[in-house]
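J.: As input, take target14.csv (CSV, C-alpha atoms):
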```csv
chain,number,residue,atom,x,y,z
A,22,MET,CA,-38.3,-8.6,-28.6
A,23,VAL,CA,-37.5,-11.3,-26.0
A,24,GLN,CA,-34.5,-12.4,-28.1
A,25,THR,CA,-33.2,-8.8,-28.3
A,26,VAL,CA,-33.4,-8.4,-24.6
A,27,VAL,CA,-31.6,-11.7,-24.0
A,28,ARG,CA,-28.8,-10.6,-26.4
A,29,LYS,CA,-28.5,-7.3,-24.6
A,30,GLN,CA,-28.2,-9.1,-21.3
A,31,TRP,CA,-25.6,-11.4,-22.7
A,32,PHE,CA,-23.6,-8.5,-24.1
A,33,LEU,CA,-23.7,-6.7,-20.7
A,34,THR,CA,-22.7,-9.8,-18.9
A,35,MET,CA,-19.7,-10.3,-21.2
A,36,GLU,CA,-18.7,-6.6,-20.8
A,37,TRP,CA,-18.8,-7.0,-17.0
A,38,ALA,CA,-16.7,-10.1,-17.2
A,39,LYS,CA,-14.2,-8.3,-19.4
A,40,ASP,CA,-14.0,-5.4,-17.0
A,41,GLU,CA,-13.5,-7.8,-14.1
A,42,ASN,CA,-10.7,-9.5,-16.0
A,43,GLU,CA,-9.0,-6.2,-16.8
A,44,VAL,CA,-9.1,-5.3,-13.1
A,45,SER,CA,-7.6,-8.6,-12.0
A,46,ARG,CA,-4.9,-8.3,-14.7
A,47,MET,CA,-3.8,-4.8,-13.9
A,48,LYS,CA,-0.2,-3.9,-14.4
A,49,ALA,CA,1.9,-4.5,-11.3
A,50,TYR,CA,5.4,-5.4,-10.1
A,51,MET,CA,6.8,-8.4,-8.2
A,52,VAL,CA,9.0,-7.3,-5.4
A,53,PHE,CA,11.2,-9.4,-3.1
A,54,ASP,CA,13.0,-8.4,0.1
A,55,ILE,CA,15.7,-11.0,0.8
A,56,GLY,CA,16.5,-11.4,4.5
A,57,GLY,CA,18.5,-13.9,6.5
A,58,THR,CA,15.4,-15.3,8.2
A,59,TYR,CA,12.5,-14.5,5.9
A,60,ILE,CA,12.0,-13.4,2.4
A,61,LYS,CA,9.1,-10.9,2.2
A,62,TYR,CA,7.3,-10.3,-1.1
A,63,ALA,CA,4.7,-8.0,-2.5
A,64,VAL,CA,2.8,-7.3,-5.7
A,65,MET,CA,2.9,-3.5,-5.9
A,66,ASP,CA,1.5,-0.9,-8.2
A,67,GLN,CA,3.5,1.9,-9.7
A,68,GLU,CA,2.7,4.3,-6.8
A,69,GLY,CA,4.3,1.9,-4.3
A,70,LYS,CA,1.1,0.5,-2.9
A,71,LYS,CA,0.9,-3.2,-1.9
A,72,LEU,CA,-1.8,-5.2,-3.8
A,73,GLU,CA,-0.8,-8.6,-2.4
A,74,SER,CA,1.9,-9.5,0.1
A,75,GLY,CA,3.4,-12.3,2.2
A,76,LYS,CA,6.6,-13.9,3.4
A,77,PHE,CA,8.3,-17.3,3.6
A,78,PRO,CA,11.3,-18.7,5.5
A,79,THR,CA,14.6,-18.1,3.6
A,80,PRO,CA,15.5,-21.5,2.0
A,81,CYS,CA,18.4,-23.1,3.8
A,82,GLU,CA,18.9,-25.9,1.2
A,83,GLY,CA,20.8,-23.7,-1.3
A,84,LEU,CA,20.5,-21.6,-4.4
A,85,GLU,CA,18.3,-23.9,-6.4
A,86,SER,CA,15.6,-24.0,-3.7
A,87,PHE,CA,15.8,-20.2,-3.4
A,88,LEU,CA,15.3,-19.8,-7.2
A,89,GLN,CA,12.5,-22.3,-7.4
A,90,LYS,CA,10.6,-20.5,-4.6
A,91,LEU,CA,10.9,-17.0,-6.1
A,92,SER,CA,9.9,-18.4,-9.5
A,93,GLN,CA,6.9,-20.2,-8.1
A,94,ILE,CA,5.5,-17.2,-6.4
A,95,THR,CA,6.1,-15.0,-9.4
A,96,LYS,CA,4.3,-17.5,-11.7
A,97,GLU,CA,1.3,-17.6,-9.3
A,98,TYR,CA,0.8,-13.9,-9.3
A,99,SER,CA,1.4,-13.6,-13.1
A,100,ASN,CA,-1.9,-15.4,-13.5
A,101,SER,CA,-3.7,-12.6,-11.7
A,102,PHE,CA,-1.6,-9.5,-12.6
A,103,GLU,CA,0.1,-8.2,-15.7
A,104,LEU,CA,3.6,-8.3,-14.1
A,105,GLN,CA,6.0,-5.8,-15.6
A,106,GLY,CA,9.1,-7.1,-13.9
A,107,ILE,CA,10.8,-8.2,-10.7
A,108,ALA,CA,12.6,-5.9,-8.1
A,109,LEU,CA,14.9,-7.3,-5.5
A,110,SER,CA,16.3,-6.0,-2.2
A,111,SER,CA,19.3,-7.9,-1.0
A,112,PRO,CA,22.0,-7.9,1.7
A,113,GLY,CA,25.6,-7.6,0.6
A,114,ALA,CA,27.7,-5.5,-1.7
A,115,VAL,CA,25.2,-5.4,-4.6
A,116,ASN,CA,26.5,-4.4,-8.0
A,117,VAL,CA,23.4,-3.0,-9.6
A,118,LYS,CA,25.0,-3.0,-13.1
A,119,THR,CA,26.1,-6.6,-13.2
A,120,GLY,CA,23.6,-8.2,-10.8
A,121,PHE,CA,26.3,-9.8,-8.7
A,122,ILE,CA,26.2,-9.7,-4.9
A,123,GLY,CA,29.6,-9.3,-3.3
A,124,GLY,CA,30.6,-9.3,0.4
A,125,ALA,CA,29.1,-11.7,2.9
A,126,SER,CA,25.7,-12.2,4.5
A,127,ALA,CA,23.6,-14.7,6.4
A,128,ILE,CA,22.7,-16.3,3.0
A,129,PRO,CA,26.0,-17.5,1.6
A,130,TYR,CA,24.6,-19.0,-1.6
A,131,ILE,CA,23.4,-15.6,-3.0
A,132,HIS,CA,27.0,-14.4,-3.3
A,133,GLY,CA,29.2,-14.9,-6.4
A,134,VAL,CA,26.4,-15.5,-8.9
A,135,CYS,CA,24.6,-13.2,-11.3
A,136,MET,CA,21.3,-13.1,-9.4
A,137,THR,CA,19.5,-11.0,-11.9
A,138,ASP,CA,20.3,-13.3,-14.9
A,139,LEU,CA,19.4,-16.4,-12.9
A,140,ILE,CA,15.9,-15.1,-12.0
A,141,ARG,CA,15.4,-13.6,-15.5
A,142,GLU,CA,16.1,-16.9,-17.1
A,143,ARG,CA,13.6,-18.7,-14.7
A,144,THR,CA,10.8,-16.2,-15.0
A,145,GLY,CA,11.2,-14.4,-18.3
A,146,PHE,CA,10.7,-11.0,-16.6
A,147,PRO,CA,13.2,-8.1,-16.4
A,148,VAL,CA,15.0,-8.1,-13.0
A,149,THR,CA,16.8,-5.4,-11.0
A,150,ILE,CA,18.6,-5.7,-7.7
A,151,GLU,CA,19.7,-3.2,-5.0
A,152,ASN,CA,21.3,-3.3,-1.6
A,153,ASP,CA,18.7,-3.5,1.2
A,154,ALA,CA,20.0,-0.4,3.1
A,155,ASN,CA,20.0,1.6,-0.1
A,156,CYS,CA,16.5,0.4,-0.8
A,157,ALA,CA,15.3,1.8,2.6
A,158,ALA,CA,17.0,5.1,1.8
A,159,LEU,CA,15.5,5.3,-1.7
A,160,ALA,CA,12.0,4.6,-0.2
A,161,GLU,CA,12.4,7.6,2.1
A,162,GLY,CA,13.3,9.9,-0.7
A,163,TRP,CA,10.5,8.7,-3.0
A,164,LEU,CA,7.6,8.6,-0.6
A,165,GLY,CA,8.9,9.1,2.9
A,166,ALA,CA,10.6,11.5,5.3
A,167,ALA,CA,13.1,12.8,2.7
A,168,LYS,CA,10.5,13.3,-0.1
A,169,GLY,CA,11.5,16.4,-2.0
A,170,THR,CA,15.0,16.5,-0.5
A,171,GLU,CA,17.8,16.4,-3.1
A,172,TYR,CA,20.7,15.4,-0.7
A,173,TYR,CA,20.3,13.3,2.4
A,174,ILE,CA,21.8,10.5,4.3
A,175,CYS,CA,20.2,7.6,6.1
A,176,ILE,CA,21.9,6.0,9.1
A,177,VAL,CA,20.7,2.6,10.0
A,178,ILE,CA,21.4,1.5,13.6
A,179,GLY,CA,21.1,-2.2,14.6
A,180,THR,CA,23.6,-5.0,15.1
A,181,GLY,CA,26.1,-2.6,13.4
A,182,ILE,CA,25.7,0.8,11.8
A,183,GLY,CA,25.2,1.2,8.1
A,184,GLY,CA,23.5,3.6,5.8
A,185,SER,CA,23.3,5.4,2.5
A,186,ILE,CA,24.2,8.7,0.8
A,187,VAL,CA,21.5,9.9,-1.6
A,188,ILE,CA,22.0,12.7,-4.1
A,189,ASN,CA,19.2,13.5,-6.6
A,190,GLN,CA,17.5,10.2,-6.0
A,191,SER,CA,20.7,8.3,-6.8
A,192,ILE,CA,22.9,6.3,-4.3
A,193,LEU,CA,26.5,7.4,-3.9
A,194,ARG,CA,28.1,4.0,-4.1
A,195,GLY,CA,31.8,4.7,-4.0
A,196,ALA,CA,34.7,3.1,-5.9
A,197,SER,CA,34.4,-0.1,-3.9
A,198,LEU,CA,30.7,-0.1,-3.3
A,199,HIS,CA,31.2,0.9,0.3
A,200,GLY,CA,29.6,4.4,0.2
A,201,GLY,CA,27.5,4.8,3.2
A,202,GLU,CA,29.2,2.2,5.4
A,203,PHE,CA,29.4,4.7,8.2
A,204,GLY,CA,30.0,2.0,10.9
A,205,TYR,CA,33.6,1.7,9.8
A,206,MET,CA,34.5,5.2,11.1
A,207,ILE,CA,37.1,5.0,13.9
A,208,MET,CA,35.8,6.9,16.9
A,209,GLY,CA,38.7,6.8,19.3
A,210,THR,CA,42.3,5.7,19.9
A,211,GLN,CA,42.1,4.5,23.5
A,212,SER,CA,42.4,0.8,22.4
A,213,LYS,CA,45.7,-0.7,21.1
A,214,ASN,CA,43.8,-1.7,18.0
A,215,PRO,CA,41.9,1.3,16.6
A,216,LEU,CA,39.6,-1.1,14.7
A,217,ASP,CA,38.1,-2.1,18.1
A,218,GLN,CA,36.6,1.4,18.3
A,219,THR,CA,34.7,1.7,15.1
A,220,TRP,CA,31.3,3.4,15.2
A,221,SER,CA,29.5,0.1,14.9
A,222,LYS,CA,31.4,-1.3,17.9
A,223,THR,CA,30.8,1.8,20.1
A,224,ALA,CA,27.4,3.1,19.1
A,225,SER,CA,25.2,0.4,17.6
A,226,THR,CA,22.3,-1.1,19.5
A,227,HIS,CA,24.4,-4.3,19.8
A,228,ALA,CA,27.2,-2.3,21.4
A,229,LEU,CA,24.7,-0.7,23.9
A,230,VAL,CA,23.4,-4.1,25.0
A,231,GLU,CA,27.0,-5.5,25.3
A,232,GLU,CA,28.0,-2.6,27.5
A,233,VAL,CA,25.1,-3.1,29.9
A,234,VAL,CA,25.6,-6.9,30.0
A,235,ARG,CA,29.3,-6.3,30.8
A,236,ARG,CA,28.7,-3.8,33.5
A,237,LYS,CA,26.0,-5.9,35.1
A,238,SER,CA,28.1,-9.1,34.8
A,239,LEU,CA,25.4,-10.9,32.9
A,240,ALA,CA,25.8,-13.8,30.5
A,241,LYS,CA,25.7,-13.0,26.8
A,242,GLY,CA,22.2,-13.1,25.4
A,243,MET,CA,20.5,-12.2,28.7
A,244,LEU,CA,19.4,-8.8,27.4
A,245,ASN,CA,18.2,-7.2,24.2
A,246,GLY,CA,17.9,-3.5,23.2
A,247,GLU,CA,14.2,-3.2,24.3
A,248,GLU,CA,15.0,-4.7,27.7
A,249,VAL,CA,17.8,-2.2,28.2
A,250,PHE,CA,15.4,0.6,27.8
A,251,LEU,CA,12.9,-1.0,30.1
A,252,LEU,CA,15.6,-1.2,32.8
A,253,ALA,CA,16.3,2.5,32.3
A,254,ASP,CA,12.6,3.3,32.6
A,255,LYS,CA,12.6,1.5,36.0
A,256,GLY,CA,15.5,3.6,37.2
A,257,ASP,CA,18.4,1.2,36.6
A,258,THR,CA,21.5,3.3,37.0
A,259,ILE,CA,23.8,1.2,34.7
A,260,ALA,CA,21.2,1.2,31.9
A,261,LYS,CA,20.6,4.9,32.2
A,262,GLU,CA,24.3,5.7,32.1
A,263,SER,CA,24.9,3.4,29.2
A,264,ILE,CA,22.1,4.9,27.2
A,265,ALA,CA,23.4,8.4,27.8
A,266,GLU,CA,26.8,7.4,26.5
A,267,PHE,CA,25.1,5.7,23.6
A,268,TYR,CA,23.4,8.9,22.6
A,269,LYS,CA,26.7,10.8,23.0
A,270,GLN,CA,28.6,8.3,20.7
A,271,LEU,CA,25.8,8.5,18.1
A,272,ALA,CA,25.8,12.3,18.2
A,273,ILE,CA,29.6,12.5,17.7
A,274,GLY,CA,29.4,10.3,14.6
A,275,ILE,CA,26.5,12.3,13.2
A,276,TYR,CA,28.4,15.5,13.9
A,277,ASN,CA,31.3,14.2,11.9
A,278,LEU,CA,29.1,13.2,9.0
A,279,LYS,CA,27.3,16.5,8.9
A,280,TYR,CA,30.6,18.4,8.7
A,281,ALA,CA,32.2,15.9,6.2
A,282,LEU,CA,29.2,15.5,3.9
A,283,ASP,CA,26.9,18.4,4.8
A,284,PRO,CA,23.6,16.8,3.7
A,285,GLU,CA,20.3,18.7,3.8
A,286,LYS,CA,18.7,16.0,6.0
A,287,ILE,CA,19.9,13.2,8.2
A,288,LEU,CA,17.5,10.3,8.8
A,289,ILE,CA,17.8,7.5,11.4
A,290,GLY,CA,16.5,4.0,10.6
A,291,GLY,CA,16.5,0.7,12.3
A,292,GLY,CA,14.2,-0.6,15.0
A,293,ILE,CA,15.5,1.7,17.6
A,294,SER,CA,14.4,4.8,15.6
A,295,LYS,CA,10.8,4.0,16.5
A,296,ARG,CA,11.5,5.1,20.1
A,297,GLN,CA,10.9,8.9,20.3
A,298,GLU,CA,13.2,9.2,23.4
A,299,VAL,CA,16.1,7.9,21.3
A,300,MET,CA,15.6,10.7,18.7
A,301,ASP,CA,15.2,13.2,21.4
A,302,GLY,CA,18.3,12.0,23.2
A,303,ILE,CA,20.5,12.2,20.1
A,304,ASN,CA,19.2,15.7,19.3
A,305,ARG,CA,20.0,16.8,22.8
A,306,GLU,CA,23.5,15.7,22.5
A,307,LEU,CA,23.8,17.3,19.1
A,308,MET,CA,22.7,20.6,20.6
A,309,ARG,CA,25.6,20.4,23.0
A,310,LEU,CA,28.1,20.0,20.1
A,311,ARG,CA,28.1,23.7,19.3
A,312,ASP,CA,30.4,26.6,20.0
A,313,ASP,CA,31.7,29.8,18.4
A,314,ILE,CA,33.3,27.7,15.6
A,315,SER,CA,31.0,24.7,15.3
A,316,THR,CA,27.9,26.7,14.6
A,317,LEU,CA,25.7,24.3,12.5
A,318,GLU,CA,22.4,23.3,13.9
A,319,ILE,CA,22.4,19.6,13.4
A,320,GLU,CA,19.2,17.6,13.9
A,321,VAL,CA,18.1,14.1,13.0
A,322,GLU,CA,14.7,12.6,12.3
A,323,ALA,CA,13.3,9.1,12.1
A,324,CYS,CA,12.7,7.3,8.9
A,325,GLN,CA,9.0,7.0,8.0
A,326,PHE,CA,8.9,3.5,6.7
A,327,GLY,CA,9.4,0.4,8.8
A,328,ASN,CA,9.1,-3.2,7.5
A,329,ASP,CA,8.0,-2.1,4.0
A,330,ALA,CA,10.9,0.2,3.3
A,331,ASN,CA,13.0,-2.3,1.4
A,332,LEU,CA,10.1,-3.3,-0.8
A,333,ILE,CA,9.2,0.3,-1.6
A,334,GLY,CA,12.8,1.2,-2.3
A,335,ALA,CA,13.4,-1.9,-4.5
A,336,LEU,CA,10.4,-0.9,-6.6
A,337,PHE,CA,11.6,2.6,-6.9
A,338,HIS,CA,15.0,1.3,-8.2
A,339,PHE,CA,13.3,-0.8,-10.8
A,340,LEU,CA,11.0,2.0,-12.0
A,341,LYS,CA,14.0,4.4,-12.2
A,342,ASP,CA,16.1,1.9,-14.0
A,343,ALA,CA,13.3,1.3,-16.5
A,344,GLY,CA,12.6,5.0,-16.9
A,345,ARG,CA,9.0,4.5,-15.7
A,346,LEU,CA,8.8,7.0,-12.8
A,347,GLU,CA,7.1,9.7,-14.9
A,348,GLU,CA,4.5,7.4,-16.6
```
In structure tokens, how does this file's structure come out?
T.:
Amino acid sequence: MVQTVVRKQWFLTMEWAKDENEVSRMKAYMVFDIGGTYIKYAVMDQEGKKLESGKFPTPCEGLESFLQKLSQITKEYSNSFELQGIALSSPGAVNVKTGFIGGASAIPYIHGVCMTDLIRERTGFPVTIENDANCAALAEGWLGAAKGTEYYICIVIGTGIGGSIVINQSILRGASLHGGEFGYMIMGTQSKNPLDQTWSKTASTHALVEEVVRRKSLAKGMLNGEEVFLLADKGDTIAKESIAEFYKQLAIGIYNLKYALDPEKILIGGGISKRQEVMDGINRELMRLRDDISTLEIEVEACQFGNDANLIGALFHFLKDAGRLEE
């Protein structure tokens, strides 16, 4: 009788250990968001939830150091999870079919090589790659502010202005992979060189800061975007006037995009989109851009995801590419 009880206890203990092992080895995906300063990573489940996460400084030594670090982290987590593959979010003109990253970025060594093949050879896992701005847009359509929307655009405002055009959960890339590069739009002809008046140079956060610095005769680097808004809150006339013009320039570009592309929804991303007064200011200016001919009611809203947007979008791209979204 005692022997039978002992055997039952042993069996139950082994079943518990088996269950624990199955939990720790659950299916998951390794996701990396490659940035100029840091590389963020996460182990994520198929619903886009982070199971583990972290970040490390972007290697400055070169490609080999970069590949070693990504491989090391992937190997570590493969001991705890049943990894199904690796999803990458990257700056640059990403060719999702070939795995090559064109253009330029703050990480020169990632360009001109087949990144997906290199990582696949190191890790043995299937690898996909997508542009970071496109990842952010895809995240919004999958789980965020554009969920259930078939046709929308994301406008990302920061040092410059970029974005994405999304139709039926697919990025409109264009013949030269420049679809969504809204910042190249020329917004005026007052300058001798029209390229001095692109949307990025007239309506980005960087452009706003430069305008305030110029008008206040400050040295470059003395202000950032947050400080400009703090000045306006304190009643600084130059800051308030510059911000008003900033809203107007953004609204004009958004007006053009609405009439050229006519998306169902227009989302604004970038750090500045977290400020409700910015969204309100843009929408006030858009309300003014109406008359008997221009009758569309144009409105923007903020992207839902912040720092995790690129990770979520990169995972979505991997799942869609692998045909696993409906599993």
J.: Extract, using all atoms listed in the file, all DNA, RNA and protein residues at most 9 Å from segment 116-123 of chain A, discarding same-chain residues fewer than 6 positions from it, and format them as a count of residues only.
T.: 14
J.: Each residue of segment 225-317 of chain A with at least one atom at most 12 Å from segment 324-330 of chain A should appear once, together with its nearest atom pair and the corresponding distance in Å (one decimal); atoms considered: all atoms listed in the file; ordering: chain, then increasing residue number; output as CSV.
T.:
```
residue,atom,partner,partner_atom,distance
A:Lys286,CA,A:Cys324,CA,11.0
A:Ile287,CA,A:Cys324,CA,9.3
A:Leu288,CA,A:Cys324,CA,5.7
A:Ile289,CA,A:Cys324,CA,5.7
A:Gly290,CA,A:Cys324,CA,5.3
A:Gly291,CA,A:Gly327,CA,7.9
A:Gly292,CA,A:Gly327,CA,7.9
A:Ile293,CA,A:Cys324,CA,10.7
A:Ser294,CA,A:Cys324,CA,7.4
A:Lys295,CA,A:Cys324,CA,8.5
A:Arg296,CA,A:Cys324,CA,11.5
A:Gln297,CA,A:Cys324,CA,11.7
A:Met300,CA,A:Cys324,CA,10.8
```
J.: Hey, can you check how far atom CA of Leu139 of chain A sits from atom CA of Leu340 of chain A?
T.: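 Computing the Euclidean distance for atom CA of Leu139 of chain A and atom CA of Leu340 of chain A yields 20.2 Å.
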J.: Residues near Cys81 of chain A, anyone? I mean within 12 Å using only C-alpha atoms, not counting same-chain ones fewer than 4 positions away, as a list in words.
T.: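 Neighbouring residues, sequence-local ones excluded: Gly56, Gly57, Thr58, Tyr59, Ile60, Phe77, Glu85, Ser86, Phe87, Leu88, Lys90, Ala127, Ile128, Pro129, Tyr130 and Ile131 of chain A.
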J.: What does the structure give for the distance between atom CA of Ala272 of chain A and atom CA of Gly181 of chain A, in Å to one decimal?
T.: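 Interatomic distance here is 15.7 Å.
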J.: Compile the contact shell of segment 44-55 of chain A as a PyMOL selection string: residues with an atom at most 9 Å away, counting only C-alpha atoms, same-chain residues fewer than 5 positions apart removed.
T.: chain A and resi 39+60-67+72+79+91+95+98-112+153+329+331-333+335-336
J.: Of the residues A:Leu244, A:Ile303, A:Ala343, A:Leu271, which is the one nearest to Ile178 of chain A, using all atoms listed in the file?
T.: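 Result for the nearest residue to Ile178 of chain A: A:Leu271.
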J.: Kindly indicate which residue among A:Gly124, A:Pro284, A:Pro147, A:Gly169 lies nearest to Phe339 of chain A, using all atoms listed in the file for the distances.
T.: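 Checking each candidate against Phe339 of chain A, we get A:Pro147 as the closest.
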J.: In Å to one decimal, how far is atom CA of Arg305 of chain A from atom CA of Glu320 of chain A?
T.: 9.0 Å
J.: Can you tell me which residues surround Asn277 of chain A at a distance of at most 10 Å, considering only C-alpha atoms, apart from same-chain residues fewer than 5 positions away, and format the answer as a ChimeraX atom specification?
T.: /A:206,208,272,282-283
J.: May I ask which of the residues A:Thr170, A:Thr258, A:Asn304, A:Ser225 is the closest one to Tyr276 of chain A, counting only C-alpha atoms?
T.: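 For Tyr276 of chain A, the nearest of the given residues is A:Asn304.
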J.: Here is a test: counting all atoms listed in the file, which residue of A:Arg309, A:Arg236, A:Lys213, A:His338 is nearest to Ile273 of chain A?
T.: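 Between A:Arg309, A:Arg236, A:Lys213, A:His338, the residue approaching Ile273 of chain A most closely is A:Arg309.
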J.: From the list A:Leu346, A:Glu73, A:Ile259, A:Lys269, which residue is nearest Asp301 of chain A when using only C-alpha atoms?
T.: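 That would be A:Lys269, the residue with the smallest distance to Asp301 of chain A.
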J.: Have a look at A:Ile182, A:Leu252, A:Ala260, A:Ile94 and name the one nearest to Arg235 of chain A; count all atoms listed in the file.
T.: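 Checking each of A:Ile182, A:Leu252, A:Ala260, A:Ile94 against Arg235 of chain A, counting all atoms listed in the file, the winner is A:Ala260.
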J.: Supply segment 203-223 of chain A as a PDB file, in the coordinates of the input, with N, CA, C and O atoms built in where the input has gaps.
T.:
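Result saved to result.pdb:
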```
ATOM      1  N   PHE A 203      28.957   3.798   7.183  1.00  0.00           N
ATOM      2  CA  PHE A 203      29.400   4.700   8.200  1.00  0.00           C
ATOM      3  C   PHE A 203      29.951   3.991   9.454  1.00  0.00           C
ATOM      4  O   PHE A 203      30.737   4.561  10.213  1.00  0.00           O
ATOM      5  N   GLY A 204      29.552   2.771   9.666  1.00  0.00           N
ATOM      6  CA  GLY A 204      30.000   2.000  10.900  1.00  0.00           C
ATOM      7  C   GLY A 204      31.455   1.755  10.929  1.00  0.00           C
ATOM      8  O   GLY A 204      31.968   1.412  11.994  1.00  0.00           O
ATOM      9  N   TYR A 205      32.163   1.906   9.795  1.00  0.00           N
ATOM     10  CA  TYR A 205      33.600   1.700   9.800  1.00  0.00           C
ATOM     11  C   TYR A 205      34.403   2.861  10.331  1.00  0.00           C
ATOM     12  O   TYR A 205      35.620   2.750  10.531  1.00  0.00           O
ATOM     13  N   MET A 206      33.767   3.994  10.547  1.00  0.00           N
ATOM     14  CA  MET A 206      34.500   5.200  11.100  1.00  0.00           C
ATOM     15  C   MET A 206      35.102   4.825  12.430  1.00  0.00           C
ATOM     16  O   MET A 206      34.442   4.245  13.291  1.00  0.00           O
ATOM     17  N   ILE A 207      36.361   5.204  12.609  1.00  0.00           N
ATOM     18  CA  ILE A 207      37.100   5.000  13.900  1.00  0.00           C
ATOM     19  C   ILE A 207      36.763   6.144  14.819  1.00  0.00           C
ATOM     20  O   ILE A 207      36.957   7.304  14.468  1.00  0.00           O
ATOM     21  N   MET A 208      36.263   5.833  16.013  1.00  0.00           N
ATOM     22  CA  MET A 208      35.800   6.900  16.900  1.00  0.00           C
ATOM     23  C   MET A 208      36.687   7.169  18.087  1.00  0.00           C
ATOM     24  O   MET A 208      36.376   8.015  18.928  1.00  0.00           O
ATOM     25  N   GLY A 209      37.826   6.499  18.177  1.00  0.00           N
ATOM     26  CA  GLY A 209      38.700   6.800  19.300  1.00  0.00           C
ATOM     27  C   GLY A 209      40.043   6.029  19.113  1.00  0.00           C
ATOM     28  O   GLY A 209      40.184   5.186  18.217  1.00  0.00           O
ATOM     29  N   THR A 210      41.012   6.339  19.963  1.00  0.00           N
ATOM     30  CA  THR A 210      42.300   5.700  19.900  1.00  0.00           C
ATOM     31  C   THR A 210      42.751   5.122  21.235  1.00  0.00           C
ATOM     32  O   THR A 210      43.929   4.831  21.454  1.00  0.00           O
ATOM     33  N   GLN A 211      41.790   4.974  22.162  1.00  0.00           N
ATOM     34  CA  GLN A 211      42.100   4.500  23.500  1.00  0.00           C
ATOM     35  C   GLN A 211      42.576   3.000  23.427  1.00  0.00           C
ATOM     36  O   GLN A 211      43.401   2.556  24.229  1.00  0.00           O
ATOM     37  N   SER A 212      42.052   2.250  22.497  1.00  0.00           N
ATOM     38  CA  SER A 212      42.400   0.800  22.400  1.00  0.00           C
ATOM     39  C   SER A 212      43.715   0.683  21.596  1.00  0.00           C
ATOM     40  O   SER A 212      44.065   1.517  20.758  1.00  0.00           O
ATOM     41  N   LYS A 213      44.432  -0.402  21.876  1.00  0.00           N
ATOM     42  CA  LYS A 213      45.700  -0.700  21.100  1.00  0.00           C
ATOM     43  C   LYS A 213      45.351  -0.877  19.645  1.00  0.00           C
ATOM     44  O   LYS A 213      46.148  -0.514  18.785  1.00  0.00           O
ATOM     45  N   ASN A 214      44.219  -1.473  19.371  1.00  0.00           N
ATOM     46  CA  ASN A 214      43.800  -1.700  18.000  1.00  0.00           C
ATOM     47  C   ASN A 214      42.645  -0.686  17.693  1.00  0.00           C
ATOM     48  O   ASN A 214      41.533  -0.874  18.180  1.00  0.00           O
ATOM     49  N   PRO A 215      42.904   0.361  16.907  1.00  0.00           N
ATOM     50  CA  PRO A 215      41.900   1.300  16.600  1.00  0.00           C
ATOM     51  C   PRO A 215      40.601   0.728  16.003  1.00  0.00           C
ATOM     52  O   PRO A 215      39.504   1.274  16.160  1.00  0.00           O
ATOM     53  N   LEU A 216      40.742  -0.417  15.351  1.00  0.00           N
ATOM     54  CA  LEU A 216      39.600  -1.100  14.700  1.00  0.00           C
ATOM     55  C   LEU A 216      38.607  -1.626  15.753  1.00  0.00           C
ATOM     56  O   LEU A 216      37.500  -2.020  15.402  1.00  0.00           O
ATOM     57  N   ASP A 217      39.032  -1.655  17.013  1.00  0.00           N
ATOM     58  CA  ASP A 217      38.100  -2.100  18.100  1.00  0.00           C
ATOM     59  C   ASP A 217      37.179  -0.924  18.478  1.00  0.00           C
ATOM     60  O   ASP A 217      36.271  -1.127  19.290  1.00  0.00           O
ATOM     61  N   GLN A 218      37.405   0.261  17.914  1.00  0.00           N
ATOM     62  CA  GLN A 218      36.600   1.400  18.300  1.00  0.00           C
ATOM     63  C   GLN A 218      35.932   2.063  17.076  1.00  0.00           C
ATOM     64  O   GLN A 218      35.862   3.277  16.957  1.00  0.00           O
ATOM     65  N   THR A 219      35.460   1.215  16.196  1.00  0.00           N
ATOM     66  CA  THR A 219      34.700   1.700  15.100  1.00  0.00           C
ATOM     67  C   THR A 219      33.300   2.185  15.610  1.00  0.00           C
ATOM     68  O   THR A 219      32.896   1.822  16.719  1.00  0.00           O
ATOM     69  N   TRP A 220      32.582   2.944  14.793  1.00  0.00           N
ATOM     70  CA  TRP A 220      31.300   3.400  15.200  1.00  0.00           C
ATOM     71  C   TRP A 220      30.305   2.283  15.468  1.00  0.00           C
ATOM     72  O   TRP A 220      29.504   2.320  16.390  1.00  0.00           O
ATOM     73  N   SER A 221      30.388   1.242  14.658  1.00  0.00           N
ATOM     74  CA  SER A 221      29.500   0.100  14.900  1.00  0.00           C
ATOM     75  C   SER A 221      29.791  -0.586  16.217  1.00  0.00           C
ATOM     76  O   SER A 221      28.876  -1.106  16.866  1.00  0.00           O
ATOM     77  N   LYS A 222      31.059  -0.580  16.634  1.00  0.00           N
ATOM     78  CA  LYS A 222      31.400  -1.300  17.900  1.00  0.00           C
ATOM     79  C   LYS A 222      31.228  -0.387  19.109  1.00  0.00           C
ATOM     80  O   LYS A 222      31.317  -0.890  20.239  1.00  0.00           O
ATOM     81  N   THR A 223      30.959   0.910  18.903  1.00  0.00           N
ATOM     82  CA  THR A 223      30.800   1.800  20.100  1.00  0.00           C
ATOM     83  C   THR A 223      29.403   2.406  20.168  1.00  0.00           C
ATOM     84  O   THR A 223      29.025   2.868  21.252  1.00  0.00           O
TER      85      THR A 223
END
```
